[in-house]
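For reference, query-v5.tsv is printed below; it contains TSV, C-alpha atoms.
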chain	number	residue	atom	x	y	z
A	21	MET	CA	79.44	-46.81	53.86
A	22	LYS	CA	82.29	-44.65	52.59
A	23	LYS	CA	84.83	-43.85	55.27
A	24	ILE	CA	85.71	-40.13	55.57
A	25	PRO	CA	89.50	-39.58	55.76
A	26	LEU	CA	90.72	-38.31	59.13
A	27	ILE	CA	92.38	-35.27	57.52
A	28	ASP	CA	89.06	-34.15	56.07
A	29	VAL	CA	87.40	-34.54	59.47
A	30	MET	CA	90.15	-32.54	61.21
A	31	GLU	CA	90.09	-29.80	58.56
A	32	GLY	CA	86.30	-29.70	58.86
A	33	LEU	CA	86.68	-29.19	62.61
A	34	ASN	CA	89.24	-26.42	61.95
A	35	ILE	CA	86.75	-24.72	59.61
A	36	LEU	CA	84.05	-24.98	62.28
A	37	GLU	CA	86.35	-23.35	64.85
A	38	VAL	CA	87.22	-20.52	62.44
A	39	LEU	CA	83.53	-19.93	61.72
A	40	GLY	CA	82.76	-19.96	65.46
A	41	ILE	CA	85.46	-17.35	66.08
A	42	PHE	CA	84.19	-15.18	63.19
A	43	LEU	CA	80.68	-15.42	64.67
A	44	THR	CA	82.04	-14.23	68.03
A	45	LEU	CA	83.78	-11.28	66.33
A	46	LEU	CA	80.61	-10.43	64.39
A	47	MET	CA	78.65	-10.47	67.66
A	48	ALA	CA	81.15	-7.96	69.04
A	49	PHE	CA	80.35	-5.72	66.04
A	50	VAL	CA	76.61	-6.15	66.66
A	51	PHE	CA	77.14	-4.96	70.25
A	52	GLN	CA	79.25	-2.06	69.01
A	53	PHE	CA	76.97	-0.76	66.26
A	54	VAL	CA	73.46	-1.91	67.24
A	55	LEU	CA	73.67	-1.43	71.02
A	56	ASN	CA	76.22	1.41	70.66
A	57	GLU	CA	78.64	-0.16	73.14
A	58	LEU	CA	82.10	1.03	72.20
A	59	PRO	CA	84.97	-1.41	72.81
A	60	CYS	CA	87.48	-0.58	75.55
A	61	PRO	CA	91.25	-1.16	75.00
A	62	LEU	CA	91.04	-4.52	76.78
A	63	CYS	CA	88.05	-5.51	74.60
A	64	LEU	CA	90.12	-4.66	71.51
A	65	LEU	CA	93.00	-6.76	72.82
A	66	GLN	CA	90.56	-9.66	73.21
A	67	ARG	CA	89.42	-9.16	69.61
A	68	ILE	CA	93.08	-9.33	68.54
A	69	GLY	CA	93.37	-12.57	70.50
A	70	PHE	CA	90.37	-14.04	68.69
A	71	PHE	CA	91.79	-13.00	65.31
A	72	SER	CA	95.06	-14.67	66.28
A	73	MET	CA	93.25	-17.91	67.13
A	74	ALA	CA	91.47	-17.82	63.76
A	75	PHE	CA	94.83	-17.13	62.09
A	76	GLY	CA	96.30	-20.37	63.52
A	77	PHE	CA	93.37	-22.42	62.20
A	78	LEU	CA	93.62	-20.68	58.82
A	79	LEU	CA	97.32	-21.63	58.64
A	80	ASN	CA	96.20	-25.24	59.14
A	81	LEU	CA	93.78	-24.95	56.23
A	82	ARG	CA	96.27	-23.16	53.97
A	83	PHE	CA	99.50	-25.09	54.65
A	84	GLY	CA	98.23	-28.38	56.05
A	85	LEU	CA	97.71	-29.57	59.62
A	86	ARG	CA	100.81	-28.98	61.73
A	87	PRO	CA	101.46	-28.96	65.49
A	88	SER	CA	103.11	-25.51	65.22
A	89	HIS	CA	99.83	-24.02	63.94
A	90	TYR	CA	97.92	-25.55	66.83
A	91	ALA	CA	100.59	-24.18	69.19
A	92	LEU	CA	99.93	-20.66	67.84
A	93	VAL	CA	96.20	-21.12	68.49
A	94	ILE	CA	96.83	-22.23	72.07
A	95	LEU	CA	99.21	-19.29	72.66
A	96	ALA	CA	96.64	-16.85	71.26
A	97	ALA	CA	93.83	-18.41	73.31
A	98	LEU	CA	95.98	-18.22	76.46
A	99	PHE	CA	96.66	-14.55	75.78
A	100	THR	CA	92.95	-13.86	75.24
A	101	SER	CA	92.00	-15.68	78.42
A	102	PHE	CA	94.54	-13.64	80.43
A	103	VAL	CA	93.17	-10.36	79.06
A	104	ALA	CA	89.57	-11.49	79.69
A	105	LEU	CA	90.45	-12.64	83.20
A	106	ARG	CA	92.03	-9.27	83.90
A	107	GLN	CA	88.83	-7.52	82.79
A	108	ILE	CA	86.73	-9.89	84.91
A	109	ALA	CA	88.99	-9.08	87.88
A	110	LEU	CA	88.40	-5.34	87.34
A	111	HIS	CA	84.63	-5.79	87.77
A	112	VAL	CA	84.29	-8.90	89.90
A	113	VAL	CA	83.93	-7.08	93.24
A	114	PRO	CA	80.29	-6.02	93.80
A	115	GLY	CA	79.90	-2.25	93.45
A	116	THR	CA	82.82	-1.79	91.06
A	117	GLY	CA	80.51	-1.55	88.04
A	118	THR	CA	80.48	-3.54	84.83
A	119	TYR	CA	81.29	-2.88	81.17
A	120	GLY	CA	78.57	-3.36	78.57
A	121	THR	CA	75.30	-5.25	78.50
A	122	PRO	CA	75.21	-8.87	79.65
A	123	PHE	CA	74.52	-11.56	77.08
A	124	LEU	CA	72.69	-14.64	78.43
A	125	GLY	CA	73.44	-13.45	81.95
A	126	LEU	CA	77.20	-13.00	81.47
A	127	HIS	CA	79.21	-10.03	80.23
A	128	LEU	CA	81.14	-10.26	76.97
A	129	TYR	CA	84.53	-10.42	78.73
A	130	THR	CA	83.31	-13.43	80.75
A	131	TRP	CA	82.12	-15.10	77.54
A	132	SER	CA	85.49	-14.26	76.02
A	133	PHE	CA	87.22	-16.12	78.87
A	134	ILE	CA	84.89	-19.13	78.53
A	135	VAL	CA	85.29	-19.30	74.73
A	136	SER	CA	89.09	-19.02	74.87
A	137	MET	CA	89.21	-21.78	77.52
A	138	CYS	CA	87.04	-23.98	75.27
A	139	VAL	CA	89.39	-23.26	72.34
A	140	ILE	CA	92.39	-24.29	74.49
A	141	VAL	CA	90.71	-27.57	75.47
A	142	PHE	CA	89.53	-28.46	71.94
A	143	THR	CA	92.81	-27.44	70.30
A	144	THR	CA	94.80	-29.53	72.76
A	145	ILE	CA	92.59	-32.51	71.90
A	146	PHE	CA	93.03	-31.84	68.15
A	147	LEU	CA	96.78	-31.48	68.65
A	148	GLY	CA	96.92	-34.97	70.14
A	149	VAL	CA	95.51	-36.72	67.06
A	150	ASP	CA	98.78	-37.98	65.53
A	151	ARG	CA	97.38	-39.51	62.33
A	152	GLN	CA	96.27	-36.12	60.96
A	153	TYR	CA	99.86	-34.94	60.34
A	154	GLN	CA	101.43	-35.46	56.91
A	155	PRO	CA	104.88	-34.62	55.51
A	156	PRO	CA	105.10	-30.90	54.58
A	157	SER	CA	105.70	-31.75	50.91
A	158	THR	CA	102.24	-33.31	50.38
A	159	LYS	CA	99.51	-31.36	48.66
A	160	ASN	CA	97.68	-29.11	51.09
A	161	MET	CA	94.34	-27.27	50.91
A	162	HIS	CA	91.61	-29.88	50.83
A	163	TYR	CA	88.95	-27.18	50.63
A	164	PRO	CA	90.55	-24.44	48.45
A	165	LYS	CA	87.44	-22.36	47.75
A	166	LEU	CA	86.31	-22.41	51.37
A	167	THR	CA	89.83	-21.61	52.58
A	168	HIS	CA	90.09	-18.60	50.26
A	169	THR	CA	86.63	-17.43	51.38
A	170	LEU	CA	87.69	-17.67	55.03
A	171	PHE	CA	90.84	-15.66	54.30
A	172	VAL	CA	88.73	-12.97	52.60
A	173	MET	CA	86.34	-12.92	55.58
A	174	MET	CA	89.27	-12.59	57.99
A	175	ALA	CA	90.79	-9.73	55.97
A	176	ILE	CA	87.43	-7.92	55.78
A	177	LEU	CA	86.86	-8.31	59.52
A	178	ILE	CA	90.35	-6.97	60.33
A	179	ILE	CA	89.91	-4.01	57.94
A	180	ALA	CA	86.51	-3.28	59.52
A	181	ASN	CA	88.18	-3.26	62.94
A	182	ILE	CA	90.95	-0.95	61.70
A	183	ILE	CA	88.38	1.51	60.30
A	184	SER	CA	86.28	1.33	63.47
A	185	LEU	CA	89.42	1.89	65.58
A	186	ILE	CA	90.47	4.94	63.54
A	187	VAL	CA	86.96	6.43	63.75
A	188	MET	CA	86.81	5.71	67.48
A	189	CYS	CA	90.26	6.81	68.63
A	190	GLY	CA	91.88	8.56	65.66
A	191	PHE	CA	95.63	8.02	65.66
A	192	HIS	CA	95.96	8.42	69.43
A	193	GLU	CA	95.69	6.10	72.41
A	194	CYS	CA	92.12	4.89	72.96
A	195	PRO	CA	90.35	6.20	76.06
A	196	GLU	CA	89.85	3.76	78.93
A	197	ASN	CA	86.07	4.08	78.78
A	198	PRO	CA	85.08	5.34	75.30
A	199	THR	CA	81.66	6.94	74.99
A	200	SER	CA	81.69	8.41	71.48
A	201	TYR	CA	83.48	8.15	68.13
A	202	LYS	CA	86.31	10.69	68.11
A	203	LEU	CA	86.23	11.40	64.37
A	204	THR	CA	82.45	11.92	64.21
A	205	THR	CA	82.37	14.15	67.32
A	206	PRO	CA	85.55	16.24	67.03
A	207	ASN	CA	84.61	18.80	69.71
A	208	GLU	CA	84.50	16.28	72.56
B	12	MET	CA	97.78	3.84	68.26
B	13	ILE	CA	99.57	0.65	69.27
B	14	LEU	CA	96.32	-1.31	68.80
B	15	LEU	CA	96.10	0.08	65.28
B	16	ILE	CA	99.66	-1.08	64.56
B	17	ILE	CA	98.82	-4.56	65.89
B	18	PHE	CA	95.74	-4.80	63.64
B	19	VAL	CA	97.75	-3.68	60.59
B	20	ILE	CA	100.52	-6.24	61.23
B	21	LEU	CA	97.86	-8.93	61.74
B	22	LEU	CA	96.28	-7.96	58.42
B	23	ALA	CA	99.68	-8.16	56.73
B	24	ALA	CA	100.27	-11.61	58.28
B	25	THR	CA	96.89	-12.79	56.98
B	26	VAL	CA	97.60	-11.52	53.47
B	27	PHE	CA	101.06	-13.15	53.42
B	28	ALA	CA	99.58	-16.46	54.63
B	29	TRP	CA	96.88	-16.22	51.99
B	30	PHE	CA	99.53	-15.77	49.28
B	31	ASN	CA	101.48	-18.80	50.46
B	32	GLN	CA	104.29	-16.97	52.31
B	33	ARG	CA	104.28	-19.09	55.45
B	34	LYS	CA	107.56	-17.92	56.99
B	35	ILE	CA	106.79	-14.21	56.66
B	36	ALA	CA	103.24	-14.74	57.93
B	37	PHE	CA	104.52	-16.75	60.88
B	38	THR	CA	107.10	-14.08	61.79
B	39	LEU	CA	104.57	-11.26	61.50
B	40	PHE	CA	102.14	-13.21	63.64
B	41	ILE	CA	104.73	-13.75	66.39
B	42	ILE	CA	105.50	-10.00	66.28
B	43	THR	CA	101.76	-9.28	66.64
B	44	LEU	CA	101.47	-11.57	69.62
B	45	LEU	CA	104.58	-10.10	71.29
B	46	ILE	CA	103.39	-6.49	70.83
B	47	SER	CA	99.95	-7.50	72.17
B	48	ILE	CA	101.52	-9.06	75.26
B	49	VAL	CA	103.68	-5.97	75.85
B	50	ASN	CA	100.61	-3.74	75.40
B	51	PHE	CA	98.65	-5.86	77.87
B	52	ILE	CA	101.41	-5.75	80.48
B	53	GLN	CA	101.78	-1.99	79.94
B	54	ASP	CA	98.02	-1.60	80.37
B	55	MET	CA	98.13	-3.62	83.59
B	56	THR	CA	101.02	-1.74	85.14
B	57	THR	CA	100.49	1.86	84.06
B	58	ARG	CA	96.86	2.50	83.21
B	59	LEU	CA	95.53	1.69	86.66
B	60	ASN	CA	98.76	2.13	88.61
B	61	LEU	CA	98.61	-1.41	89.85
B	62	GLN	CA	101.31	-2.51	92.27
B	63	LEU	CA	102.44	-5.91	91.03
Show me the file's structure as structure tokens.
Amino acid sequence: MKKIPLIDVMEGLNILEVLGIFLTLLMAFVFQFVLNELPCPLCLLQRIGFFSMAFGFLLNLRFGLRPSHYALVILAALFTSFVALRQIALHVVPGTGTYGTPFLGLHLYTWSFIVSMCVIVFTTIFLGVDRQYQPPSTKNMHYPKLTHTLFVMMAILIIANIISLIVMCGFHECPENPTSYKLTTPNE
Amino acid sequence: MILLIIFVILLAATVFAWFNQRKIAFTLFIITLLISIVNFIQDMTTRLNLQL
């Protein structure tokens, strides 16, 4: 049986993590547009955190596996977990209300906390695999087409978020509890 | 507004990384993360008048 090189396995795992994060961000869009649940400022900060995690993994795919890229992912995941924990704390006391519809019994900010904690754990494990690292001069990008596709997906998702943000808040500070799109309902 | 700025810088970082400009992408990413942290702390301290 042909042995798969460790680098390919690690890059495959990185791709899986990026796809998982993109799926999470797409789910957020489904909640926004299908269920008409507009994201609050803290929700948007969590989205930024998820994009930042994906960015770290994409750096790994583009420039080769490096501990500094994993460090960025862990930093971004820590940031996201703090923001999610803050939002959980806002609603954790019974009677203080919740934000949005629960998904599988938990609200999106709770899922956000769980996912970012999982990313921290998995990334720390990945970071510890010493044999994956190669000198910076070696040829990178083992999956060039897939890497370029992931970059395009990331750019499209960020642009979609920028457009949604402009339509929702205009060029002002977003309201704490948004109920309608500012640009489509100018009289409110 | 600040969220919009963060998204735009993140987009720029992604594009620079895509076109093989690692240092610029890295710097832009760190700036994004720093602004996000400042925004989060500002949100915590001012939006709800929390006493920390």
request  = For atom CA of A:Ser184 and atom CA of A:Lys165, quote the distance in Å rounded to one decimal.
outcome  = 28.5 Å
message = Can you tell me which residues surround B:Asn31 at a distance of at most 9 Å, considering all atoms listed in the file, apart from same-chain residues fewer than 5 positions away, and format the answer as a PyMOL selection string?
response = (chain A and resi 82-83) or (chain B and resi 26+36)
With C-alpha atoms kept, could you save the residues just selected as a PDB file, in the frame of the given file?
ATOM      1  CA  ARG A  82      96.270 -23.160  53.970  1.00  0.00           C
ATOM      2  CA  PHE A  83      99.500 -25.090  54.650  1.00  0.00           C
TER       3      PHE A  83
ATOM      4  CA  VAL B  26      97.600 -11.520  53.470  1.00  0.00           C
ATOM      5  CA  ALA B  36     103.240 -14.740  57.930  1.00  0.00           C
TER       6      ALA B  36
END
request  = Return the neighbours of chain B among the residues of chain A, cut-off 10 Å, counting all atoms listed in the file, as JSON, numbers by chain.
outcome  = {"A": [61, 62, 64, 65, 66, 67, 68, 69, 71, 72, 75, 76, 78, 79, 82, 83, 88, 89, 92, 95, 96, 99, 100, 102, 103, 106, 167, 168, 170, 171, 172, 174, 175, 176, 177, 178, 179, 181, 182, 183, 185, 186, 189, 190, 191, 192, 193, 194, 196]}
query = Near A:Thr121, within 9 Å and counting only C-alpha atoms, which residues show up once chain neighbours fewer than 6 positions away are dropped, as a list in words?
reply = Phe51, Leu55, Glu57, His127 and Leu128 of chain A
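You will find atom CA of A:Phe133 at 25.7 Å from atom CA of A:Leu85.
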request  = Write out as a list in words the residues lying within 12 Å of A:Leu36, counting all atoms listed in the file and excluding same-chain residues fewer than 5 positions away.
outcome  = Val29, Met30, Glu31, Ile41, Phe42, Leu43, Ala74, Phe77, Leu78, Leu81, Val139, Phe142, Leu166, Thr167 and Leu170 of chain A
inquiry  = Can you measure atom CA of A:Cys138 to atom CA of A:Ala91 for me? One decimal in Å is fine.
reply    =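 We find that atom CA of A:Cys138 and atom CA of A:Ala91 lie 14.9 Å from each other.
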